[in-house]
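Chemist: Pasting in a structure now, in structure tokens, and then I'll have a few things to ask.
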Amino acid sequence: MADMRPDKTKMPSQEPAVRARNFDEVALGYTAEMAQGEAARCLNCKNPACVSGCPVQVNIPGFIKKIADGDFDGAYAVISESSSLPAICGRVCPQESQCEAKCVRGIKAEPVGIGRLERFAADRHSAKKKEGAVAPAASPEKNGRKVAIAGSGPAGLACAGDLAKLGYDVTVFEALHTPGGVLVYGIPEFRLPKAIVAEEIDGLRDLGVKFECNTVIGRTVSVDELFDEGFEAVFIGTGAGLPRFMNIPGENLNGVFSANEFLTRINLMKAYREGADTPVMKPKRVAVVGGGNVAMDAARCALRLGADEVSIVYRRSEAELPARAEEVEHAKEEGIVFRLLTNPVRIIGDDNLFVKGIECVRMELGEPDASGRRRPVTVEGSEFTIDVDCVIMAIGTSPNPLIRTTTPGLDCESWGGIRTGEEGATSRPGVFAGGDAVTGAATVILAMGAGKTAAAAIDEYIKNKK
Amino acid sequence: MYKVLKRRELNPTVTLLEVEAPRVAAKAKAGQFVILIPDEGGERIPLTVAGCDKEAGAVTVIFQIVGATTIRLNAKREGDFIHDFVGPLGRPTEVEGFKKVAVVGGGVGCAIALPVARALSENGAEVHSIVGFRNRDLVILEDEFKSVSSVMKMMTDDGSYGEKGLVTDALRALIESGEQYDEVIAIGPLVMMKFVCRLTAEFGIKTVVSMNPIMIDGTGMCGGCRLCVGGKMKFACVDGPDFDGHEVDFDEAIKRGSVYRDVEGRAREEACRLFGGM
């Protein structure tokens, strides 16, 4: 009989006042007892709705049952059947709009903490691996056929892992100097420790996957040249890395950053560490424009760099915030100010062109727009100025044009996304794509799912090639 | 890891390194740049390609020692390794279809102007080179410029070498003497490029400048290198680094270049202590 406690087992976390000033991981993870207790809340439904909410259809009741029974290795094995990056997804998936949104327990009380349990199983496995208590996966038999992967973010890593397991000789090309894509440059340490990403990448290396960093596909090597080098298929998982700006006056002032720049300086270049070569501005009063996970990450990083006041400036209301619920909650606990129904109209600079304020207008919600959300409408005459010395734009990103513009015959959408069929095949034979490069900015799990789907399609394509 | 094949000090503050990077060497064209990190954990800095040898798989970069990272880079000797080296980035300079072009280089900018002058010459253009330095001790690449130019003007601020004066003085004299240029290409300090553009605007001569703002990734991801060109936001790394000089907002670009000045000053002092000065 399931444990009918209404609430999820609380996640042990660093105290808000403490964590707001350090970059260490916020959520500390369940102990074995907590995990077993939480797992006992699962009803083990005959027709598990949670699975349908998962983009890669992890057998959720299956792995939770194993945790409840104390078979933690078994739990990890069940997740691994469908997911390549459980330690990462357990931390960054928007569970409340996916698996946990469908959980039957969620109708009357809180859903089962599926994400937390996934993280527990993955961390448990990783700890055992470090102790040498896990036999290394048998190296798959090589078939000698080469596949190139452009981009080492979640789509590329998932695709690489699945292909390597099938025996392919896989090389992942990364433009930056460290593999991991958005997992490394975008998501901060306090939400996703970089050691976890490095472990996943080491795991792929153990499977025989090669990583070539400092290689920009579309500049250093073109897709066509990869075929000349003997690769039989190419997967494009280059994400959506181009930052958008609002096109309002003052965006080129000193102290205005794209969230990408601000986060890359901190996460990839470690600019928050004493003695780092890469500089980052340490602002006192910060406005972060946007309401997604990236906005929350940027705001919480600014706080950790020592800012006195950090606010989120978002044009819709709280209900429309696209960020994960947990990130919003954590940000609030840490003291981030939410200026909702507020939209910037210009950024004001001093004589040296450094930011000194941001002028905003108040918004109200009108009729629903194409996205189904109520359209924010400007309240006339409501202009007001917030004193800030830094503005961070976190209003979204677009796919990078480098591959699109250097690969003849690759069909793309007008907004820059690569056009693919269901299985990730593009208009060019042998070229596959997935993740944000295809969909526009989305989630880690969707990108991972697309990478896995494409891996199966690439296998099929190469097998059927003469 | 990328091996340093050759190192030459061109003057007390400017060093040339030839780096083994076959993929980059096979592709790089005049006007493109690389981003490198001297040692693990260091900063990414953009440097324009000063030349490459496809057969040897070598790329030449020439840099001025200005901050912590270039001090570290300058400490590399032949046989040492550069940790990361990525490129070629940016769009190549357009060098085809010109009859006569004036190439204006200022200071270490001459290292970038030279391959452009060479490529123009190889593509059949007559090249007039105007190069400027603060004084005689800082002069670099003089013979190399001479070998690709039909007219060569050497200018120094203090008159210790060549003619005393600014590159704009020499350019004005050439234009007023009746030289007809299809285009002027100016590469050097922002202030120099600004004044070259002001001069050529007077005469209605198309002018291309090479911008080298602060950037991290060099692939369009950070937006740190954004500039105002013709009233629109452009990213130097993917839309440039070459732009129509008459459209660039130089005053804004100069201010944007100063955002980390305080931090850089401290880092430089720190590195100077570590490496025994410069």
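Ordering of the structure tokens sets the chain letters (A, B, ...), residue numbers begin anew at 1 in every chain, and ligands are numbered from 1 in the order given.
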May I have the residues of chain A within 6 Å of chain B, counting only C-alpha atoms, written as a ChimeraX atom specification?

Modeler: /A:214,220,241-242,254,260-261,277-278

Chemist: How would the residues just picked look written out with all heavy atoms as a JSON list (two decimals), in the first residue's frame?

Modeler:
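For reference, result17.json as written:
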```json
[["chain", "number", "residue", "atom", "x", "y", "z"],
["A", 214, "ASN", "N", 37.36, 23.22, -29.95],
["A", 214, "ASN", "CA", 37.95, 24.30, -30.77],
["A", 214, "ASN", "C", 37.70, 24.09, -32.26],
["A", 214, "ASN", "O", 38.53, 24.44, -33.08],
["A", 214, "ASN", "CB", 39.45, 24.41, -30.51],
["A", 214, "ASN", "CG", 39.76, 24.73, -29.06],
["A", 214, "ASN", "OD1", 39.10, 25.57, -28.47],
["A", 214, "ASN", "ND2", 40.75, 24.06, -28.50],
["A", 220, "THR", "N", 35.63, 26.19, -39.28],
["A", 220, "THR", "CA", 36.87, 25.39, -39.32],
["A", 220, "THR", "C", 36.73, 24.27, -40.36],
["A", 220, "THR", "O", 37.65, 24.01, -41.13],
["A", 220, "THR", "CB", 37.16, 24.79, -37.93],
["A", 220, "THR", "OG1", 36.96, 25.78, -36.93],
["A", 220, "THR", "CG2", 38.58, 24.28, -37.84],
["A", 241, "GLY", "N", 22.04, 29.43, -29.98],
["A", 241, "GLY", "CA", 22.97, 30.18, -29.12],
["A", 241, "GLY", "C", 23.02, 31.67, -29.37],
["A", 241, "GLY", "O", 23.76, 32.38, -28.71],
["A", 242, "LEU", "N", 22.26, 32.15, -30.34],
["A", 242, "LEU", "CA", 22.36, 33.58, -30.69],
["A", 242, "LEU", "C", 21.44, 34.42, -29.82],
["A", 242, "LEU", "O", 20.23, 34.27, -29.89],
["A", 242, "LEU", "CB", 21.95, 33.74, -32.16],
["A", 242, "LEU", "CG", 22.98, 34.34, -33.10],
["A", 242, "LEU", "CD1", 24.25, 33.53, -33.10],
["A", 242, "LEU", "CD2", 22.43, 34.42, -34.51],
["A", 254, "ASN", "N", 27.53, 50.32, -21.75],
["A", 254, "ASN", "CA", 28.34, 49.44, -20.91],
["A", 254, "ASN", "C", 27.52, 49.04, -19.69],
["A", 254, "ASN", "O", 26.96, 49.91, -19.00],
["A", 254, "ASN", "CB", 29.61, 50.16, -20.46],
["A", 254, "ASN", "CG", 30.63, 50.27, -21.58],
["A", 254, "ASN", "OD1", 30.63, 49.45, -22.50],
["A", 254, "ASN", "ND2", 31.48, 51.27, -21.50],
["A", 260, "ASN", "N", 23.55, 35.29, -22.21],
["A", 260, "ASN", "CA", 24.59, 34.38, -22.70],
["A", 260, "ASN", "C", 25.98, 34.86, -22.32],
["A", 260, "ASN", "O", 26.81, 34.08, -21.86],
["A", 260, "ASN", "CB", 24.54, 34.29, -24.23],
["A", 260, "ASN", "CG", 23.79, 33.08, -24.71],
["A", 260, "ASN", "OD1", 23.20, 32.34, -23.92],
["A", 260, "ASN", "ND2", 23.80, 32.86, -26.00],
["A", 261, "GLU", "N", 26.23, 36.14, -22.54],
["A", 261, "GLU", "CA", 27.57, 36.66, -22.22],
["A", 261, "GLU", "C", 27.83, 36.61, -20.72],
["A", 261, "GLU", "O", 28.86, 36.12, -20.27],
["A", 261, "GLU", "CB", 27.74, 38.11, -22.72],
["A", 261, "GLU", "CG", 29.11, 38.66, -22.30],
["A", 261, "GLU", "CD", 29.43, 40.07, -22.79],
["A", 261, "GLU", "OE1", 28.58, 40.69, -23.46],
["A", 261, "GLU", "OE2", 30.54, 40.54, -22.46],
["A", 277, "ASP", "N", 41.21, 34.86, -15.02],
["A", 277, "ASP", "CA", 41.70, 35.80, -16.03],
["A", 277, "ASP", "C", 40.56, 36.55, -16.70],
["A", 277, "ASP", "O", 40.71, 37.68, -17.13],
["A", 277, "ASP", "CB", 42.49, 35.06, -17.11],
["A", 277, "ASP", "CG", 43.90, 34.71, -16.64],
["A", 277, "ASP", "OD1", 44.31, 35.26, -15.61],
["A", 277, "ASP", "OD2", 44.56, 33.91, -17.31],
["A", 278, "THR", "N", 39.41, 35.88, -16.84],
["A", 278, "THR", "CA", 38.28, 36.49, -17.53],
["A", 278, "THR", "C", 37.54, 37.41, -16.58],
["A", 278, "THR", "O", 37.16, 36.98, -15.49],
["A", 278, "THR", "CB", 37.33, 35.39, -18.05],
["A", 278, "THR", "OG1", 38.07, 34.54, -18.91],
["A", 278, "THR", "CG2", 36.15, 35.99, -18.80]]
```

Chemist: Env of stretch 113-126 of chain B: 7 Å cut, atoms = only C-alpha atoms, seq-sep filter 5 positions within chain, self excluded. Answer as a PyMOL selection string.

Modeler: chain B and resi 30-31+50-51+95-96+98-101+103+105+145+148+150+187

Chemist: Output N, CA and C atoms of each residue in that selection to a file, as a PDB file, in the first residue's frame.

Modeler:
```
ATOM      1  N   ALA B  30      42.606  36.269 -45.443  1.00  0.00           N
ATOM      2  CA  ALA B  30      42.917  37.596 -44.906  1.00  0.00           C
ATOM      3  C   ALA B  30      41.668  38.234 -44.306  1.00  0.00           C
ATOM      4  N   GLY B  31      41.821  38.792 -43.132  1.00  0.00           N
ATOM      5  CA  GLY B  31      40.711  39.478 -42.470  1.00  0.00           C
ATOM      6  C   GLY B  31      40.028  38.623 -41.422  1.00  0.00           C
ATOM      7  N   ALA B  50      47.550  36.712 -39.170  1.00  0.00           N
ATOM      8  CA  ALA B  50      48.521  37.560 -39.864  1.00  0.00           C
ATOM      9  C   ALA B  50      49.153  36.827 -41.040  1.00  0.00           C
ATOM     10  N   GLY B  51      48.818  35.565 -41.182  1.00  0.00           N
ATOM     11  CA  GLY B  51      49.336  34.803 -42.308  1.00  0.00           C
ATOM     12  C   GLY B  51      49.190  33.328 -42.035  1.00  0.00           C
ATOM     13  N   VAL B  95      38.688  41.052 -51.313  1.00  0.00           N
ATOM     14  CA  VAL B  95      39.949  41.488 -51.929  1.00  0.00           C
ATOM     15  C   VAL B  95      39.920  41.378 -53.455  1.00  0.00           C
ATOM     16  N   GLU B  96      38.777  40.965 -54.006  1.00  0.00           N
ATOM     17  CA  GLU B  96      38.727  40.756 -55.452  1.00  0.00           C
ATOM     18  C   GLU B  96      38.054  41.918 -56.174  1.00  0.00           C
ATOM     19  N   PHE B  98      39.347  44.854 -57.394  1.00  0.00           N
ATOM     20  CA  PHE B  98      39.759  46.243 -57.194  1.00  0.00           C
ATOM     21  C   PHE B  98      40.932  46.585 -58.110  1.00  0.00           C
ATOM     22  N   LYS B  99      40.959  47.852 -58.570  1.00  0.00           N
ATOM     23  CA  LYS B  99      42.094  48.305 -59.386  1.00  0.00           C
ATOM     24  C   LYS B  99      43.162  48.929 -58.489  1.00  0.00           C
ATOM     25  N   LYS B 100      42.720  49.823 -57.622  1.00  0.00           N
ATOM     26  CA  LYS B 100      43.699  50.500 -56.763  1.00  0.00           C
ATOM     27  C   LYS B 100      43.106  50.705 -55.361  1.00  0.00           C
ATOM     28  N   VAL B 101      43.840  50.284 -54.377  1.00  0.00           N
ATOM     29  CA  VAL B 101      43.351  50.365 -53.004  1.00  0.00           C
ATOM     30  C   VAL B 101      44.429  50.980 -52.109  1.00  0.00           C
ATOM     31  N   VAL B 103      45.774  50.935 -48.396  1.00  0.00           N
ATOM     32  CA  VAL B 103      45.690  50.183 -47.145  1.00  0.00           C
ATOM     33  C   VAL B 103      46.374  51.010 -46.059  1.00  0.00           C
ATOM     34  N   GLY B 105      47.480  51.234 -42.137  1.00  0.00           N
ATOM     35  CA  GLY B 105      47.677  50.446 -40.919  1.00  0.00           C
ATOM     36  C   GLY B 105      48.256  51.313 -39.825  1.00  0.00           C
ATOM     37  N   PHE B 145      55.588  45.117 -46.193  1.00  0.00           N
ATOM     38  CA  PHE B 145      54.653  46.045 -46.835  1.00  0.00           C
ATOM     39  C   PHE B 145      55.206  46.523 -48.170  1.00  0.00           C
ATOM     40  N   VAL B 148      54.651  44.358 -51.297  1.00  0.00           N
ATOM     41  CA  VAL B 148      53.324  44.197 -51.917  1.00  0.00           C
ATOM     42  C   VAL B 148      52.711  45.542 -52.318  1.00  0.00           C
ATOM     43  N   SER B 150      52.944  49.418 -54.356  1.00  0.00           N
ATOM     44  CA  SER B 150      53.642  50.237 -55.354  1.00  0.00           C
ATOM     45  C   SER B 150      54.003  51.594 -54.759  1.00  0.00           C
ATOM     46  N   ILE B 187      43.038  49.758 -40.789  1.00  0.00           N
ATOM     47  CA  ILE B 187      43.103  48.799 -39.682  1.00  0.00           C
ATOM     48  C   ILE B 187      44.080  49.326 -38.638  1.00  0.00           C
TER      49      ILE B 187
END
```

Chemist: B:Lys206, B:Arg134, B:Lys194, B:Lys29: which is nearest B:Ala102, counting only C-alpha atoms?

Modeler: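 Residue with the minimum atom-to-atom distance to B:Ala102: B:Lys206.
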
Chemist: Using only C-alpha atoms, pick whichever of A:Ser311, A:Thr31, A:Thr407, A:Gln95 has the shortest atom-to-atom distance to A:Thr426.

Modeler: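 The answer is A:Thr407, which sits nearest to A:Thr426.
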
Chemist: Please produce, as CSV, a per-residue contact table for stretch 278-395 of chain A versus stretch 10-14 of chain A (criterion: any atom at most 12 Å away, only C-alpha atoms considered), showing the nearest atom pair and its distance in Å to one decimal, sorted by chain then residue number.

Modeler:
```
residue,atom,partner,partner_atom,distance
A:Glu326,CA,A:Met11,CA,10.9
A:His330,CA,A:Ser13,CA,9.9
A:Glu333,CA,A:Gln14,CA,11.1
A:Glu334,CA,A:Gln14,CA,10.7
```

Chemist: Name the residues of stretch 96-248 of chain A that come out as strand (DSSP E or B) in a backbone DSSP run; write them as an mmCIF file with all heavy atoms, in the first residue's frame.

Modeler:
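Saved file out-v2.cif follows:
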```cif
data_model
loop_
_atom_site.group_PDB
_atom_site.id
_atom_site.type_symbol
_atom_site.label_atom_id
_atom_site.label_comp_id
_atom_site.auth_asym_id
_atom_site.auth_seq_id
_atom_site.Cartn_x
_atom_site.Cartn_y
_atom_site.Cartn_z
ATOM 1 N N LYS A 146 31.997 5.801 -39.530
ATOM 2 C CA LYS A 146 32.215 7.071 -38.842
ATOM 3 C C LYS A 146 31.005 8.008 -38.911
ATOM 4 O O LYS A 146 30.443 8.230 -39.982
ATOM 5 C CB LYS A 146 33.421 7.792 -39.468
ATOM 6 C CG LYS A 146 34.767 7.186 -39.074
ATOM 7 C CD LYS A 146 35.903 7.739 -39.927
ATOM 8 C CE LYS A 146 36.150 9.210 -39.638
ATOM 9 N NZ LYS A 146 37.268 9.737 -40.467
ATOM 10 N N VAL A 147 30.647 8.553 -37.759
ATOM 11 C CA VAL A 147 29.589 9.560 -37.703
ATOM 12 C C VAL A 147 30.143 10.800 -37.003
ATOM 13 O O VAL A 147 30.830 10.696 -35.981
ATOM 14 C CB VAL A 147 28.344 9.047 -36.938
ATOM 15 C CG1 VAL A 147 27.265 10.128 -36.880
ATOM 16 C CG2 VAL A 147 27.794 7.785 -37.582
ATOM 17 N N ALA A 148 29.835 11.981 -37.575
ATOM 18 C CA ALA A 148 30.268 13.252 -36.983
ATOM 19 C C ALA A 148 29.088 13.920 -36.307
ATOM 20 O O ALA A 148 27.969 13.878 -36.818
ATOM 21 C CB ALA A 148 30.825 14.173 -38.063
ATOM 22 N N ILE A 149 29.354 14.520 -35.171
ATOM 23 C CA ILE A 149 28.308 15.240 -34.454
ATOM 24 C C ILE A 149 28.784 16.670 -34.229
ATOM 25 O O ILE A 149 29.879 16.885 -33.694
ATOM 26 C CB ILE A 149 27.981 14.519 -33.142
ATOM 27 C CG1 ILE A 149 27.302 13.193 -33.511
ATOM 28 C CG2 ILE A 149 27.098 15.379 -32.236
ATOM 29 C CD1 ILE A 149 26.931 12.327 -32.389
ATOM 30 N N ALA A 150 27.975 17.624 -34.659
ATOM 31 C CA ALA A 150 28.333 19.035 -34.481
ATOM 32 C C ALA A 150 27.622 19.542 -33.238
ATOM 33 O O ALA A 150 26.393 19.615 -33.206
ATOM 34 C CB ALA A 150 27.918 19.852 -35.703
ATOM 35 N N ASP A 169 31.875 4.708 -34.866
ATOM 36 C CA ASP A 169 33.063 5.490 -34.531
ATOM 37 C C ASP A 169 32.621 6.957 -34.548
ATOM 38 O O ASP A 169 32.447 7.541 -35.615
ATOM 39 C CB ASP A 169 34.128 5.196 -35.597
ATOM 40 C CG ASP A 169 35.420 5.952 -35.352
ATOM 41 O OD1 ASP A 169 35.468 6.760 -34.408
ATOM 42 O OD2 ASP A 169 36.374 5.733 -36.126
ATOM 43 N N VAL A 170 32.378 7.521 -33.365
ATOM 44 C CA VAL A 170 31.728 8.825 -33.261
ATOM 45 C C VAL A 170 32.724 9.912 -32.856
ATOM 46 O O VAL A 170 33.478 9.741 -31.898
ATOM 47 C CB VAL A 170 30.591 8.785 -32.209
ATOM 48 C CG1 VAL A 170 29.883 10.139 -32.121
ATOM 49 C CG2 VAL A 170 29.597 7.680 -32.529
ATOM 50 N N THR A 171 32.717 11.027 -33.602
ATOM 51 C CA THR A 171 33.508 12.192 -33.216
ATOM 52 C C THR A 171 32.558 13.360 -32.990
ATOM 53 O O THR A 171 31.727 13.666 -33.849
ATOM 54 C CB THR A 171 34.520 12.575 -34.310
ATOM 55 O OG1 THR A 171 35.323 11.445 -34.612
ATOM 56 C CG2 THR A 171 35.411 13.727 -33.840
ATOM 57 N N VAL A 172 32.673 13.982 -31.817
ATOM 58 C CA VAL A 172 31.844 15.147 -31.501
ATOM 59 C C VAL A 172 32.712 16.395 -31.654
ATOM 60 O O VAL A 172 33.787 16.492 -31.050
ATOM 61 C CB VAL A 172 31.308 15.073 -30.052
ATOM 62 C CG1 VAL A 172 30.454 16.303 -29.746
ATOM 63 C CG2 VAL A 172 30.511 13.801 -29.828
ATOM 64 N N PHE A 173 32.255 17.335 -32.484
ATOM 65 C CA PHE A 173 32.984 18.587 -32.689
ATOM 66 C C PHE A 173 32.338 19.690 -31.861
ATOM 67 O O PHE A 173 31.109 19.861 -31.895
ATOM 68 C CB PHE A 173 32.967 18.964 -34.173
ATOM 69 C CG PHE A 173 33.714 17.993 -35.034
ATOM 70 C CD1 PHE A 173 33.044 16.952 -35.671
ATOM 71 C CD2 PHE A 173 35.083 18.093 -35.191
ATOM 72 C CE1 PHE A 173 33.726 16.031 -36.462
ATOM 73 C CE2 PHE A 173 35.787 17.183 -35.981
ATOM 74 C CZ PHE A 173 35.107 16.150 -36.622
ATOM 75 N N LYS A 210 34.969 10.272 -29.474
ATOM 76 C CA LYS A 210 36.069 11.242 -29.496
ATOM 77 C C LYS A 210 35.499 12.653 -29.469
ATOM 78 O O LYS A 210 34.467 12.914 -30.071
ATOM 79 C CB LYS A 210 36.905 11.060 -30.767
ATOM 80 C CG LYS A 210 37.810 9.830 -30.715
ATOM 81 C CD LYS A 210 38.450 9.553 -32.049
ATOM 82 C CE LYS A 210 37.597 8.568 -32.822
ATOM 83 N NZ LYS A 210 38.117 8.030 -34.027
ATOM 84 N N PHE A 211 36.176 13.538 -28.753
ATOM 85 C CA PHE A 211 35.744 14.941 -28.709
ATOM 86 C C PHE A 211 36.825 15.810 -29.333
ATOM 87 O O PHE A 211 37.978 15.750 -28.929
ATOM 88 C CB PHE A 211 35.489 15.374 -27.262
ATOM 89 C CG PHE A 211 34.233 14.797 -26.696
ATOM 90 C CD1 PHE A 211 34.238 13.554 -26.086
ATOM 91 C CD2 PHE A 211 33.025 15.488 -26.799
ATOM 92 C CE1 PHE A 211 33.072 12.999 -25.582
ATOM 93 C CE2 PHE A 211 31.856 14.943 -26.293
ATOM 94 C CZ PHE A 211 31.878 13.696 -25.676
ATOM 95 N N GLU A 212 36.437 16.610 -30.325
ATOM 96 C CA GLU A 212 37.367 17.585 -30.912
ATOM 97 C C GLU A 212 36.837 18.972 -30.588
ATOM 98 O O GLU A 212 35.891 19.449 -31.228
ATOM 99 C CB GLU A 212 37.470 17.400 -32.426
ATOM 100 C CG GLU A 212 38.740 16.696 -32.853
ATOM 101 C CD GLU A 212 39.021 16.803 -34.352
ATOM 102 O OE1 GLU A 212 39.193 17.918 -34.863
ATOM 103 O OE2 GLU A 212 39.047 15.733 -34.991
ATOM 104 N N ILE A 217 32.002 23.937 -36.718
ATOM 105 C CA ILE A 217 31.488 23.405 -37.979
ATOM 106 C C ILE A 217 30.811 24.569 -38.713
ATOM 107 O O ILE A 217 29.995 25.290 -38.152
ATOM 108 C CB ILE A 217 30.497 22.238 -37.723
ATOM 109 C CG1 ILE A 217 31.178 21.122 -36.926
ATOM 110 C CG2 ILE A 217 29.962 21.695 -39.059
ATOM 111 C CD1 ILE A 217 32.422 20.530 -37.555
ATOM 112 N N VAL A 221 35.593 23.618 -40.333
ATOM 113 C CA VAL A 221 35.301 22.534 -41.265
ATOM 114 C C VAL A 221 33.836 22.672 -41.671
ATOM 115 O O VAL A 221 32.992 22.972 -40.820
ATOM 116 C CB VAL A 221 35.460 21.143 -40.594
ATOM 117 C CG1 VAL A 221 35.428 20.050 -41.641
ATOM 118 C CG2 VAL A 221 36.735 21.044 -39.791
ATOM 119 N N ALA A 233 27.654 10.036 -41.896
ATOM 120 C CA ALA A 233 26.479 10.827 -41.534
ATOM 121 C C ALA A 233 26.932 11.929 -40.587
ATOM 122 O O ALA A 233 27.950 11.802 -39.913
ATOM 123 C CB ALA A 233 25.421 9.952 -40.859
ATOM 124 N N VAL A 234 26.156 13.021 -40.587
ATOM 125 C CA VAL A 234 26.460 14.151 -39.715
ATOM 126 C C VAL A 234 25.194 14.503 -38.937
ATOM 127 O O VAL A 234 24.114 14.604 -39.531
ATOM 128 C CB VAL A 234 26.923 15.384 -40.539
ATOM 129 C CG1 VAL A 234 27.167 16.579 -39.627
ATOM 130 C CG2 VAL A 234 28.173 15.068 -41.347
ATOM 131 N N PHE A 235 25.336 14.666 -37.627
ATOM 132 C CA PHE A 235 24.208 15.126 -36.815
ATOM 133 C C PHE A 235 24.503 16.561 -36.372
ATOM 134 O O PHE A 235 25.570 16.839 -35.814
ATOM 135 C CB PHE A 235 24.022 14.235 -35.582
ATOM 136 C CG PHE A 235 22.966 14.757 -34.638
ATOM 137 C CD1 PHE A 235 21.608 14.619 -34.940
ATOM 138 C CD2 PHE A 235 23.315 15.412 -33.458
ATOM 139 C CE1 PHE A 235 20.634 15.120 -34.080
ATOM 140 C CE2 PHE A 235 22.343 15.914 -32.587
ATOM 141 C CZ PHE A 235 21.004 15.760 -32.905
ATOM 142 N N ILE A 236 23.563 17.462 -36.627
ATOM 143 C CA ILE A 236 23.739 18.858 -36.232
ATOM 144 C C ILE A 236 22.937 19.118 -34.952
ATOM 145 O O ILE A 236 21.707 19.091 -34.952
ATOM 146 C CB ILE A 236 23.269 19.818 -37.342
ATOM 147 C CG1 ILE A 236 24.033 19.526 -38.643
ATOM 148 C CG2 ILE A 236 23.479 21.273 -36.925
ATOM 149 C CD1 ILE A 236 23.472 20.255 -39.850
ATOM 150 N N LEU A 242 22.259 32.154 -30.340
ATOM 151 C CA LEU A 242 22.360 33.577 -30.695
ATOM 152 C C LEU A 242 21.440 34.421 -29.823
ATOM 153 O O LEU A 242 20.229 34.268 -29.892
ATOM 154 C CB LEU A 242 21.947 33.742 -32.160
ATOM 155 C CG LEU A 242 22.976 34.338 -33.104
ATOM 156 C CD1 LEU A 242 24.246 33.530 -33.100
ATOM 157 C CD2 LEU A 242 22.427 34.416 -34.509
ATOM 158 N N PRO A 243 21.996 35.314 -29.023
ATOM 159 C CA PRO A 243 21.129 36.057 -28.105
ATOM 160 C C PRO A 243 20.268 37.098 -28.819
ATOM 161 O O PRO A 243 20.706 37.712 -29.787
ATOM 162 C CB PRO A 243 22.131 36.753 -27.180
ATOM 163 C CG PRO A 243 23.376 36.884 -27.975
ATOM 164 C CD PRO A 243 23.408 35.706 -28.900
#
```
